[in-house]
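**Student:** Contents of protein_33.cif (mmCIF, C-alpha atoms) are below:
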data_run
#
loop_
_atom_site.group_PDB
_atom_site.id
_atom_site.type_symbol
_atom_site.label_atom_id
_atom_site.label_comp_id
_atom_site.auth_asym_id
_atom_site.auth_seq_id
_atom_site.Cartn_x
_atom_site.Cartn_y
_atom_site.Cartn_z
ATOM 1 C CA MET A 1 20.677 5.773 10.473
ATOM 2 C CA THR A 2 22.597 4.150 13.317
ATOM 3 C CA SER A 3 24.985 1.217 13.308
ATOM 4 C CA SER A 4 23.588 -2.163 12.397
ATOM 5 C CA SER A 5 23.853 -3.448 15.970
ATOM 6 C CA GLY A 6 21.865 -0.534 17.407
ATOM 7 C CA HIS A 7 19.092 -0.214 14.823
ATOM 8 C CA PRO A 8 15.962 -1.981 16.071
ATOM 9 C CA ALA A 9 14.861 -2.932 12.567
ATOM 10 C CA HIS A 10 18.243 -4.449 11.694
ATOM 11 C CA ARG A 11 18.228 -6.334 14.964
ATOM 12 C CA MET A 12 14.722 -7.609 14.256
ATOM 13 C CA LEU A 13 15.799 -8.927 10.832
ATOM 14 C CA ARG A 14 18.759 -10.762 12.389
ATOM 15 C CA GLU A 15 16.488 -12.324 15.005
ATOM 16 C CA TYR A 16 13.986 -13.237 12.276
ATOM 17 C CA VAL A 17 16.767 -15.152 10.479
ATOM 18 C CA ALA A 18 17.866 -16.960 13.669
ATOM 19 C CA SER A 19 14.364 -17.889 14.866
ATOM 20 C CA VAL A 20 13.287 -19.164 11.428
ATOM 21 C CA LEU A 21 16.454 -21.274 11.088
ATOM 22 C CA ALA A 22 15.808 -22.722 14.562
ATOM 23 C CA LYS A 23 12.050 -23.038 13.905
ATOM 24 C CA ASP A 24 11.745 -21.407 17.337
ATOM 25 C CA LEU A 25 8.123 -20.270 17.418
ATOM 26 C CA GLU A 26 8.370 -18.427 20.749
ATOM 27 C CA ALA A 27 11.498 -16.487 19.772
ATOM 28 C CA PHE A 28 9.869 -15.599 16.446
ATOM 29 C CA ILE A 29 6.570 -14.465 17.977
ATOM 30 C CA ALA A 30 8.383 -12.368 20.608
ATOM 31 C CA LEU A 31 9.460 -10.026 17.786
ATOM 32 C CA TYR A 32 5.844 -8.963 17.136
ATOM 33 C CA ASP A 33 3.314 -6.705 18.823
ATOM 34 C CA ARG A 34 0.108 -8.328 20.066
ATOM 35 C CA ASP A 35 -1.893 -6.239 17.547
ATOM 36 C CA VAL A 36 0.447 -6.891 14.587
ATOM 37 C CA PHE A 37 -1.173 -6.158 11.218
ATOM 38 C CA VAL A 38 0.232 -8.547 8.610
ATOM 39 C CA PHE A 39 0.106 -8.503 4.815
ATOM 40 C CA ASP A 40 1.554 -11.968 4.154
ATOM 41 C CA ALA A 41 2.776 -13.236 0.800
ATOM 42 C CA TRP A 42 0.345 -16.158 0.683
ATOM 43 C CA ASP A 43 -3.387 -16.837 0.553
ATOM 44 C CA VAL A 44 -4.903 -14.108 2.754
ATOM 45 C CA MET A 45 -5.371 -10.385 2.094
ATOM 46 C CA TRP A 46 -4.487 -9.458 5.672
ATOM 47 C CA SER A 47 -4.394 -10.780 9.229
ATOM 48 C CA GLU A 48 -4.434 -9.016 12.559
ATOM 49 C CA GLY A 49 -3.281 -9.950 16.026
ATOM 50 C CA ILE A 50 -0.613 -12.176 17.499
ATOM 51 C CA ASP A 51 -2.855 -15.256 17.773
ATOM 52 C CA ALA A 52 -3.484 -15.402 14.019
ATOM 53 C CA TRP A 53 0.192 -14.731 13.306
ATOM 54 C CA ARG A 54 1.306 -17.424 15.754
ATOM 55 C CA SER A 55 -1.034 -19.912 14.084
ATOM 56 C CA MET A 56 0.201 -19.042 10.567
ATOM 57 C CA THR A 57 3.838 -19.265 11.667
ATOM 58 C CA ASN A 58 3.274 -22.568 13.452
ATOM 59 C CA ASP A 59 1.700 -23.957 10.262
ATOM 60 C CA TRP A 60 4.760 -22.814 8.307
ATOM 61 C CA PHE A 61 7.315 -24.302 10.711
ATOM 62 C CA THR A 62 5.332 -27.542 11.036
ATOM 63 C CA SER A 63 5.020 -27.921 7.258
ATOM 64 C CA LEU A 64 8.816 -27.991 6.956
ATOM 65 C CA GLY A 65 9.181 -31.431 8.516
ATOM 66 C CA ALA A 66 12.926 -32.199 8.678
ATOM 67 C CA GLU A 67 13.807 -29.270 6.416
ATOM 68 C CA ARG A 68 15.028 -25.882 7.600
ATOM 69 C CA VAL A 69 14.764 -22.466 5.974
ATOM 70 C CA VAL A 70 17.764 -20.198 5.504
ATOM 71 C CA VAL A 71 16.702 -16.541 5.231
ATOM 72 C CA GLU A 72 18.951 -13.917 3.605
ATOM 73 C CA PHE A 73 18.175 -10.194 3.349
ATOM 74 C CA GLU A 74 19.719 -7.937 0.717
ATOM 75 C CA ASP A 75 19.225 -4.429 -0.711
ATOM 76 C CA GLU A 76 18.145 -3.355 2.762
ATOM 77 C CA ARG A 77 16.845 0.157 3.454
ATOM 78 C CA SER A 78 15.879 1.428 6.884
ATOM 79 C CA GLY A 79 14.863 4.438 8.937
ATOM 80 C CA LEU A 80 14.642 5.268 12.629
ATOM 81 C CA SER A 81 12.941 7.981 14.669
ATOM 82 C CA ALA A 82 12.213 8.261 18.404
ATOM 83 C CA SER A 83 9.502 5.600 18.633
ATOM 84 C CA LEU A 84 9.178 4.289 15.064
ATOM 85 C CA ALA A 85 11.537 2.324 12.815
ATOM 86 C CA TYR A 86 11.281 0.438 9.564
ATOM 87 C CA ALA A 87 13.278 -1.749 7.241
ATOM 88 C CA SER A 88 12.616 -2.947 3.720
ATOM 89 C CA ALA A 89 14.614 -5.571 1.908
ATOM 90 C CA ILE A 90 14.653 -8.281 -0.698
ATOM 91 C CA VAL A 91 14.482 -11.595 1.124
ATOM 92 C CA ARG A 92 15.556 -15.016 -0.118
ATOM 93 C CA PHE A 93 14.098 -18.115 1.510
ATOM 94 C CA THR A 94 16.093 -21.300 0.826
ATOM 95 C CA ALA A 95 14.796 -24.666 2.027
ATOM 96 C CA VAL A 96 17.640 -26.978 3.053
ATOM 97 C CA SER A 97 17.508 -30.679 3.835
ATOM 98 C CA SER A 98 18.545 -32.169 7.175
ATOM 99 C CA SER A 99 21.949 -32.859 5.557
ATOM 100 C CA GLY A 100 22.315 -29.184 4.580
ATOM 101 C CA GLU A 101 21.536 -29.505 0.862
ATOM 102 C CA ALA A 102 19.732 -26.538 -0.722
ATOM 103 C CA LEU A 103 16.452 -27.882 -2.127
ATOM 104 C CA ARG A 104 14.673 -24.803 -3.532
ATOM 105 C CA SER A 105 14.545 -21.073 -3.007
ATOM 106 C CA LEU A 106 12.394 -18.066 -3.750
ATOM 107 C CA GLN A 107 12.607 -14.310 -3.392
ATOM 108 C CA ASN A 108 10.108 -11.979 -1.740
ATOM 109 C CA ARG A 109 10.042 -8.336 -0.799
ATOM 110 C CA MET A 110 9.612 -7.558 2.919
ATOM 111 C CA THR A 111 8.767 -4.386 4.826
ATOM 112 C CA VAL A 112 8.646 -4.276 8.635
ATOM 113 C CA VAL A 113 7.506 -1.355 10.802
ATOM 114 C CA LEU A 114 8.421 -1.362 14.500
ATOM 115 C CA GLU A 115 7.145 0.740 17.379
ATOM 116 C CA LEU A 116 8.720 1.201 20.785
ATOM 117 C CA ARG A 117 6.497 -0.476 23.390
ATOM 118 C CA GLY A 118 7.860 0.355 26.826
ATOM 119 C CA ASN A 119 11.500 -0.792 26.578
ATOM 120 C CA ALA A 120 11.003 -3.123 23.646
ATOM 121 C CA TRP A 121 10.740 -2.591 19.910
ATOM 122 C CA LYS A 122 7.953 -4.695 18.419
ATOM 123 C CA VAL A 123 6.852 -5.239 14.831
ATOM 124 C CA VAL A 124 3.422 -3.610 14.442
ATOM 125 C CA HIS A 125 3.220 -4.164 10.692
ATOM 126 C CA GLN A 126 4.812 -6.627 8.278
ATOM 127 C CA HIS A 127 4.268 -6.730 4.534
ATOM 128 C CA THR A 128 5.738 -9.596 2.490
ATOM 129 C CA SER A 129 4.994 -10.175 -1.178
ATOM 130 C CA SER A 130 5.951 -11.219 -4.655
ATOM 131 C CA PRO A 131 5.346 -9.002 -7.658
ATOM 132 C CA ILE A 132 2.747 -10.264 -10.142
ATOM 133 C CA ASP A 133 3.343 -10.801 -13.854
ATOM 134 C CA PHE A 134 0.730 -8.500 -15.403
ATOM 135 C CA ASP A 135 0.015 -10.790 -18.368
ATOM 136 C CA THR A 136 -0.271 -14.147 -16.582
ATOM 137 C CA LYS A 137 -1.295 -12.867 -13.098
ATOM 138 C CA LYS A 138 1.250 -15.321 -11.687
ATOM 139 C CA ALA A 139 3.741 -14.565 -8.945
ATOM 140 C CA ILE A 140 7.316 -13.721 -9.900
ATOM 141 C CA LEU A 141 9.333 -15.742 -7.391
ATOM 142 C CA GLN A 142 12.831 -14.837 -8.611
ATOM 143 C CA ALA A 143 14.251 -11.488 -9.744
ATOM 144 C CA ARG A 144 14.661 -11.364 -13.526
ATOM 145 C CA MET B 1 -1.860 8.922 16.382
ATOM 146 C CA THR B 2 -2.948 12.460 15.524
ATOM 147 C CA SER B 3 -6.037 13.686 13.727
ATOM 148 C CA SER B 4 -6.481 12.653 10.137
ATOM 149 C CA SER B 5 -5.783 16.155 8.827
ATOM 150 C CA GLY B 6 -2.467 16.434 10.680
ATOM 151 C CA HIS B 7 -1.006 12.982 10.075
ATOM 152 C CA PRO B 8 1.457 13.103 7.189
ATOM 153 C CA ALA B 9 0.699 9.545 6.107
ATOM 154 C CA HIS B 10 -3.067 10.159 6.045
ATOM 155 C CA ARG B 11 -2.524 13.357 4.111
ATOM 156 C CA MET B 12 -0.311 11.490 1.632
ATOM 157 C CA LEU B 13 -3.014 8.868 1.031
ATOM 158 C CA ARG B 14 -5.621 11.596 0.380
ATOM 159 C CA GLU B 15 -3.281 13.299 -2.083
ATOM 160 C CA TYR B 16 -2.552 9.949 -3.721
ATOM 161 C CA VAL B 17 -6.308 9.510 -4.318
ATOM 162 C CA ALA B 18 -6.691 13.024 -5.744
ATOM 163 C CA SER B 19 -3.641 12.904 -8.016
ATOM 164 C CA VAL B 20 -4.504 9.453 -9.401
ATOM 165 C CA LEU B 21 -8.106 10.523 -10.117
ATOM 166 C CA ALA B 22 -6.785 13.626 -11.899
ATOM 167 C CA LYS B 23 -3.981 11.636 -13.595
ATOM 168 C CA ASP B 24 -1.792 14.516 -12.411
ATOM 169 C CA LEU B 25 1.728 13.111 -12.751
ATOM 170 C CA GLU B 26 3.485 16.120 -11.179
ATOM 171 C CA ALA B 27 1.200 16.202 -8.109
ATOM 172 C CA PHE B 28 1.632 12.441 -7.722
ATOM 173 C CA ILE B 29 5.428 12.502 -8.037
ATOM 174 C CA ALA B 30 5.685 15.410 -5.563
ATOM 175 C CA LEU B 31 4.583 12.995 -2.822
ATOM 176 C CA TYR B 32 7.783 10.941 -3.191
ATOM 177 C CA ASP B 33 11.401 11.335 -2.170
ATOM 178 C CA ARG B 34 13.987 11.432 -4.963
ATOM 179 C CA ASP B 35 15.492 8.164 -3.654
ATOM 180 C CA VAL B 36 12.148 6.366 -3.189
ATOM 181 C CA PHE B 37 12.493 2.572 -2.939
ATOM 182 C CA VAL B 38 9.413 0.930 -4.438
ATOM 183 C CA PHE B 39 8.076 -2.614 -4.219
ATOM 184 C CA ASP B 40 5.311 -2.348 -6.809
ATOM 185 C CA ALA B 41 2.511 -4.863 -7.314
ATOM 186 C CA TRP B 42 3.426 -5.605 -10.924
ATOM 187 C CA ASP B 43 6.266 -7.071 -12.973
ATOM 188 C CA VAL B 44 9.411 -5.850 -11.171
ATOM 189 C CA MET B 45 10.949 -7.005 -7.882
ATOM 190 C CA TRP B 46 11.935 -3.468 -6.895
ATOM 191 C CA SER B 47 12.711 -0.030 -8.305
ATOM 192 C CA GLU B 48 14.688 2.863 -6.899
ATOM 193 C CA GLY B 49 14.680 6.592 -7.508
ATOM 194 C CA ILE B 50 12.162 9.148 -8.637
ATOM 195 C CA ASP B 51 12.997 8.850 -12.351
ATOM 196 C CA ALA B 52 12.033 5.171 -12.500
ATOM 197 C CA TRP B 53 8.928 5.840 -10.428
ATOM 198 C CA ARG B 54 7.911 8.748 -12.643
ATOM 199 C CA SER B 55 8.305 6.563 -15.711
ATOM 200 C CA MET B 56 6.247 3.716 -14.227
ATOM 201 C CA THR B 57 3.511 6.125 -13.111
ATOM 202 C CA ASN B 58 3.437 7.855 -16.479
ATOM 203 C CA ASP B 59 3.024 4.464 -18.166
ATOM 204 C CA TRP B 60 0.108 3.705 -15.817
ATOM 205 C CA PHE B 61 -1.674 7.012 -16.361
ATOM 206 C CA THR B 62 -1.103 6.871 -20.148
ATOM 207 C CA SER B 63 -2.430 3.305 -20.366
ATOM 208 C CA LEU B 64 -5.770 4.474 -18.974
ATOM 209 C CA GLY B 65 -6.772 6.382 -22.092
ATOM 210 C CA ALA B 66 -10.170 8.003 -21.397
ATOM 211 C CA GLU B 67 -10.656 5.967 -18.203
ATOM 212 C CA ARG B 68 -9.982 7.198 -14.697
ATOM 213 C CA VAL B 69 -9.088 5.290 -11.539
ATOM 214 C CA VAL B 70 -10.944 5.760 -8.270
ATOM 215 C CA VAL B 71 -8.766 4.772 -5.297
ATOM 216 C CA GLU B 72 -10.300 3.872 -1.919
ATOM 217 C CA PHE B 73 -8.357 2.984 1.235
ATOM 218 C CA GLU B 74 -9.822 0.927 4.062
ATOM 219 C CA ASP B 75 -8.630 -0.911 7.210
ATOM 220 C CA GLU B 76 -5.988 1.775 7.555
ATOM 221 C CA ARG B 77 -3.319 1.599 10.269
ATOM 222 C CA SER B 78 -0.707 4.280 10.860
ATOM 223 C CA GLY B 79 2.051 5.506 13.119
ATOM 224 C CA LEU B 80 3.961 8.738 13.576
ATOM 225 C CA SER B 81 7.200 9.730 15.310
ATOM 226 C CA ALA B 82 9.348 12.858 15.057
ATOM 227 C CA SER B 83 10.724 12.312 11.559
ATOM 228 C CA LEU B 84 9.145 9.033 10.432
ATOM 229 C CA ALA B 85 5.556 8.038 9.663
ATOM 230 C CA TYR B 86 3.823 5.117 8.026
ATOM 231 C CA ALA B 87 0.421 3.929 6.917
ATOM 232 C CA SER B 88 -0.810 0.543 5.774
ATOM 233 C CA ALA B 89 -4.178 -0.121 4.225
ATOM 234 C CA ILE B 90 -6.216 -2.245 1.903
ATOM 235 C CA VAL B 91 -6.621 -0.318 -1.333
ATOM 236 C CA ARG B 92 -9.293 -0.735 -3.981
ATOM 237 C CA PHE B 93 -8.596 0.503 -7.516
ATOM 238 C CA THR B 94 -11.729 0.928 -9.644
ATOM 239 C CA ALA B 95 -11.467 1.872 -13.308
ATOM 240 C CA VAL B 96 -14.341 4.098 -14.409
ATOM 241 C CA SER B 97 -15.318 5.122 -17.915
ATOM 242 C CA SER B 98 -15.463 8.727 -19.094
ATOM 243 C CA SER B 99 -19.201 8.585 -18.327
ATOM 244 C CA GLY B 100 -18.517 7.485 -14.744
ATOM 245 C CA GLU B 101 -19.422 3.791 -15.103
ATOM 246 C CA ALA B 102 -17.383 1.368 -12.978
ATOM 247 C CA LEU B 103 -15.644 -1.032 -15.387
ATOM 248 C CA ARG B 104 -13.536 -3.297 -13.150
ATOM 249 C CA SER B 105 -11.819 -3.211 -9.788
ATOM 250 C CA LEU B 106 -9.168 -4.984 -7.790
ATOM 251 C CA GLN B 107 -7.791 -4.928 -4.271
ATOM 252 C CA ASN B 108 -4.182 -4.571 -3.190
ATOM 253 C CA ARG B 109 -2.386 -4.065 0.096
ATOM 254 C CA MET B 110 -0.314 -0.880 0.426
ATOM 255 C CA THR B 111 2.333 0.254 2.897
ATOM 256 C CA VAL B 112 3.924 3.708 2.727
ATOM 257 C CA VAL B 113 6.809 5.009 4.848
ATOM 258 C CA LEU B 114 7.444 8.747 4.967
ATOM 259 C CA GLU B 115 10.416 10.733 6.247
ATOM 260 C CA LEU B 116 10.565 14.415 7.060
ATOM 261 C CA ARG B 117 12.809 16.152 4.514
ATOM 262 C CA GLY B 118 13.273 19.760 5.613
ATOM 263 C CA ASN B 119 9.674 20.968 5.969
ATOM 264 C CA ALA B 120 8.107 18.327 3.774
ATOM 265 C CA TRP B 121 7.108 14.725 4.393
ATOM 266 C CA LYS B 122 8.092 12.505 1.474
ATOM 267 C CA VAL B 123 7.452 8.843 0.774
ATOM 268 C CA VAL B 124 10.806 7.035 0.989
ATOM 269 C CA HIS B 125 9.336 3.552 0.624
ATOM 270 C CA GLN B 126 6.144 2.157 -0.880
ATOM 271 C CA HIS B 127 5.135 -1.490 -0.966
ATOM 272 C CA THR B 128 2.038 -2.540 -2.916
ATOM 273 C CA SER B 129 1.040 -6.135 -3.513
ATOM 274 C CA SER B 130 -1.508 -8.899 -3.899
ATOM 275 C CA PRO B 131 -1.305 -12.100 -1.900
ATOM 276 C CA ILE B 132 -0.539 -15.250 -3.915
ATOM 277 C CA ASP B 133 -2.665 -18.390 -3.943
ATOM 278 C CA PHE B 134 -0.187 -21.018 -2.749
ATOM 279 C CA ASP B 135 -1.580 -23.811 -4.936
ATOM 280 C CA THR B 136 -1.925 -21.956 -8.246
ATOM 281 C CA LYS B 137 0.760 -19.259 -7.653
ATOM 282 C CA LYS B 138 -1.765 -16.760 -9.052
ATOM 283 C CA ALA B 139 -2.539 -13.352 -7.560
ATOM 284 C CA ILE B 140 -5.594 -12.968 -5.351
ATOM 285 C CA LEU B 141 -7.096 -9.725 -6.608
ATOM 286 C CA GLN B 142 -10.173 -9.601 -4.345
ATOM 287 C CA ALA B 143 -10.559 -10.425 -0.648
ATOM 288 C CA ARG B 144 -12.330 -13.760 -0.152
#
Let's see the structure in the file written out as structure tokens.
**Tutor:**
Amino acid sequence: MTSSSGHPAHRMLREYVASVLAKDLEAFIALYDRDVFVFDAWDVMWSEGIDAWRSMTNDWFTSLGAERVVVEFEDERSGLSASLAYASAIVRFTAVSSSGEALRSLQNRMTVVLELRGNAWKVVHQHTSSPIDFDTKKAILQAR
Amino acid sequence: MTSSSGHPAHRMLREYVASVLAKDLEAFIALYDRDVFVFDAWDVMWSEGIDAWRSMTNDWFTSLGAERVVVEFEDERSGLSASLAYASAIVRFTAVSSSGEALRSLQNRMTVVLELRGNAWKVVHQHTSSPIDFDTKKAILQAR
């Protein structure tokens, strides 16, 4: 484990937070490999490739209207080897109004795997989810 | 990417299949690091450490009674560096009766991250989940 500033997975999570807050699609997409394999929290079993991921992310940012999303990671774990890195964390998404008021929030779990591509670390795999209540089959959107 | 036989993440998935089919708790638990950080598909946001994971797995195997579970991985992706490896895949769990009849099945997504501990590769992180239908907040348990 290296310092937070030097660990490519930690850096990726910080840039994820900044690009989501800014709704900066290009900065967000630049974090990912062109062949990224995504297990997203919502609606689809899997998606592959940067075009699909760009489209899903654009839909998300567009759906926010005047709201912004504050992302916070906690309980982070990570690992780093020569050309592979990962991080896993609990992630809280909080929607805030244009005046800065917190409107609603939910928790997910997130895992990212990065590979070194030339000089740049890119996310090749991202897995985001909620656990499921076994009895109701409904998502658990807050820790309990 | 190395051959299937030599890749520690591929080998782990094969041993996962065999130990679940056999309901062999010790063989299953031997795949995991003592500090394993788990995002399971069901009921809890996260768990940490081999004791909690052993308990959860024992509950699963015990709940099966005379049934067994056939595990199949597909759409597998993987990566390997000096001391870190990962695999991600769609996983199908099929419960079969003692006479071999398929009773029910569901799909999940699974990500495993392994680190080299001495001579042995151990799973330090596992993330298993279903996507959530955004409208109903219910788990999607089959690809559609």
**Student:** If we count only C-alpha atoms, what is near Tyr16 of chain B at a cut-off of 9 Å, once residues fewer than 2 positions away on the same chain are taken out, given as a VMD selection string?
**Tutor:** chain B and resid 11 to 14 18 to 21 27 to 28 31 71
**Student:** Within 10 Å of chain A, which residues of chain B are there when counting all atoms listed in the file? Please give them as number ranges by chain.
**Tutor:** B: 37-46, 75-90, 107-115, 124-144
**Student:** Give me a file of those residues, with C-alpha atoms, as a PDB file, keeping the file's coordinate frame.
**Tutor:**
ATOM      1  CA  PHE B  37      12.493   2.572  -2.939  1.00  0.00           C
ATOM      2  CA  VAL B  38       9.413   0.930  -4.438  1.00  0.00           C
ATOM      3  CA  PHE B  39       8.076  -2.614  -4.219  1.00  0.00           C
ATOM      4  CA  ASP B  40       5.311  -2.348  -6.809  1.00  0.00           C
ATOM      5  CA  ALA B  41       2.511  -4.863  -7.314  1.00  0.00           C
ATOM      6  CA  TRP B  42       3.426  -5.605 -10.924  1.00  0.00           C
ATOM      7  CA  ASP B  43       6.266  -7.071 -12.973  1.00  0.00           C
ATOM      8  CA  VAL B  44       9.411  -5.850 -11.171  1.00  0.00           C
ATOM      9  CA  MET B  45      10.949  -7.005  -7.882  1.00  0.00           C
ATOM     10  CA  TRP B  46      11.935  -3.468  -6.895  1.00  0.00           C
ATOM     11  CA  ASP B  75      -8.630  -0.911   7.210  1.00  0.00           C
ATOM     12  CA  GLU B  76      -5.988   1.775   7.555  1.00  0.00           C
ATOM     13  CA  ARG B  77      -3.319   1.599  10.269  1.00  0.00           C
ATOM     14  CA  SER B  78      -0.707   4.280  10.860  1.00  0.00           C
ATOM     15  CA  GLY B  79       2.051   5.506  13.119  1.00  0.00           C
ATOM     16  CA  LEU B  80       3.961   8.738  13.576  1.00  0.00           C
ATOM     17  CA  SER B  81       7.200   9.730  15.310  1.00  0.00           C
ATOM     18  CA  ALA B  82       9.348  12.858  15.057  1.00  0.00           C
ATOM     19  CA  SER B  83      10.724  12.312  11.559  1.00  0.00           C
ATOM     20  CA  LEU B  84       9.145   9.033  10.432  1.00  0.00           C
ATOM     21  CA  ALA B  85       5.556   8.038   9.663  1.00  0.00           C
ATOM     22  CA  TYR B  86       3.823   5.117   8.026  1.00  0.00           C
ATOM     23  CA  ALA B  87       0.421   3.929   6.917  1.00  0.00           C
ATOM     24  CA  SER B  88      -0.810   0.543   5.774  1.00  0.00           C
ATOM     25  CA  ALA B  89      -4.178  -0.121   4.225  1.00  0.00           C
ATOM     26  CA  ILE B  90      -6.216  -2.245   1.903  1.00  0.00           C
ATOM     27  CA  GLN B 107      -7.791  -4.928  -4.271  1.00  0.00           C
ATOM     28  CA  ASN B 108      -4.182  -4.571  -3.190  1.00  0.00           C
ATOM     29  CA  ARG B 109      -2.386  -4.065   0.096  1.00  0.00           C
ATOM     30  CA  MET B 110      -0.314  -0.880   0.426  1.00  0.00           C
ATOM     31  CA  THR B 111       2.333   0.254   2.897  1.00  0.00           C
ATOM     32  CA  VAL B 112       3.924   3.708   2.727  1.00  0.00           C
ATOM     33  CA  VAL B 113       6.809   5.009   4.848  1.00  0.00           C
ATOM     34  CA  LEU B 114       7.444   8.747   4.967  1.00  0.00           C
ATOM     35  CA  GLU B 115      10.416  10.733   6.247  1.00  0.00           C
ATOM     36  CA  VAL B 124      10.806   7.035   0.989  1.00  0.00           C
ATOM     37  CA  HIS B 125       9.336   3.552   0.624  1.00  0.00           C
ATOM     38  CA  GLN B 126       6.144   2.157  -0.880  1.00  0.00           C
ATOM     39  CA  HIS B 127       5.135  -1.490  -0.966  1.00  0.00           C
ATOM     40  CA  THR B 128       2.038  -2.540  -2.916  1.00  0.00           C
ATOM     41  CA  SER B 129       1.040  -6.135  -3.513  1.00  0.00           C
ATOM     42  CA  SER B 130      -1.508  -8.899  -3.899  1.00  0.00           C
ATOM     43  CA  PRO B 131      -1.305 -12.100  -1.900  1.00  0.00           C
ATOM     44  CA  ILE B 132      -0.539 -15.250  -3.915  1.00  0.00           C
ATOM     45  CA  ASP B 133      -2.665 -18.390  -3.943  1.00  0.00           C
ATOM     46  CA  PHE B 134      -0.187 -21.018  -2.749  1.00  0.00           C
ATOM     47  CA  ASP B 135      -1.580 -23.811  -4.936  1.00  0.00           C
ATOM     48  CA  THR B 136      -1.925 -21.956  -8.246  1.00  0.00           C
ATOM     49  CA  LYS B 137       0.760 -19.259  -7.653  1.00  0.00           C
ATOM     50  CA  LYS B 138      -1.765 -16.760  -9.052  1.00  0.00           C
ATOM     51  CA  ALA B 139      -2.539 -13.352  -7.560  1.00  0.00           C
ATOM     52  CA  ILE B 140      -5.594 -12.968  -5.351  1.00  0.00           C
ATOM     53  CA  LEU B 141      -7.096  -9.725  -6.608  1.00  0.00           C
ATOM     54  CA  GLN B 142     -10.173  -9.601  -4.345  1.00  0.00           C
ATOM     55  CA  ALA B 143     -10.559 -10.425  -0.648  1.00  0.00           C
ATOM     56  CA  ARG B 144     -12.330 -13.760  -0.152  1.00  0.00           C
TER      57      ARG B 144
END
**Student:** So how many Å separate atom CA of Phe73 of chain B and atom CA of Leu116 of chain A, to one decimal?
**Tutor:**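 Between these atoms lies a distance of 26.0 Å.
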**Student:** Pick the closest to Val69 of chain A from A:Leu106, A:Ala95, A:Val36, A:Ala9: which is it, counting all atoms listed in the file?
**Tutor:**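 Going through A:Leu106, A:Ala95, A:Val36, A:Ala9 one by one, the smallest distance to Val69 of chain A is for A:Ala95.
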**Student:** Expressed in Å to a single decimal, how great is the separation between atom CA of Ser105 of chain A and atom CA of Val70 of chain A?
**Tutor:**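 So the answer is 9.1 Å.
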**Student:** Which residues come within 12 Å of segment 58-67 of chain A, counting all atoms listed in the file, excluding same-chain residues fewer than 3 positions away, as a list in words?
**Tutor:** Ser19, Val20, Leu21, Ala22, Lys23, Asp24, Leu25, Glu26, Phe28, Ile29, Trp42, Ile50, Asp51, Ala52, Trp53, Arg54, Ser55, Val70, Thr94, Ala95, Val96, Ser97, Ser98, Ser99, Gly100, Glu101, Ala102, Leu103 and Arg104 of chain A
**Student:** Just need the box for segment 78-88 of chain A, edges along x, y and z, holding every atom the file lists for it with 6 Å tacked onto each side, so centre and edge lengths in Å to one decimal, as AutoDock Vina command-line options.
**Tutor:**
--center_x 12.5 --center_y 2.7 --center_z 11.2 --size_x 18.7 --size_y 23.2 --size_z 26.9
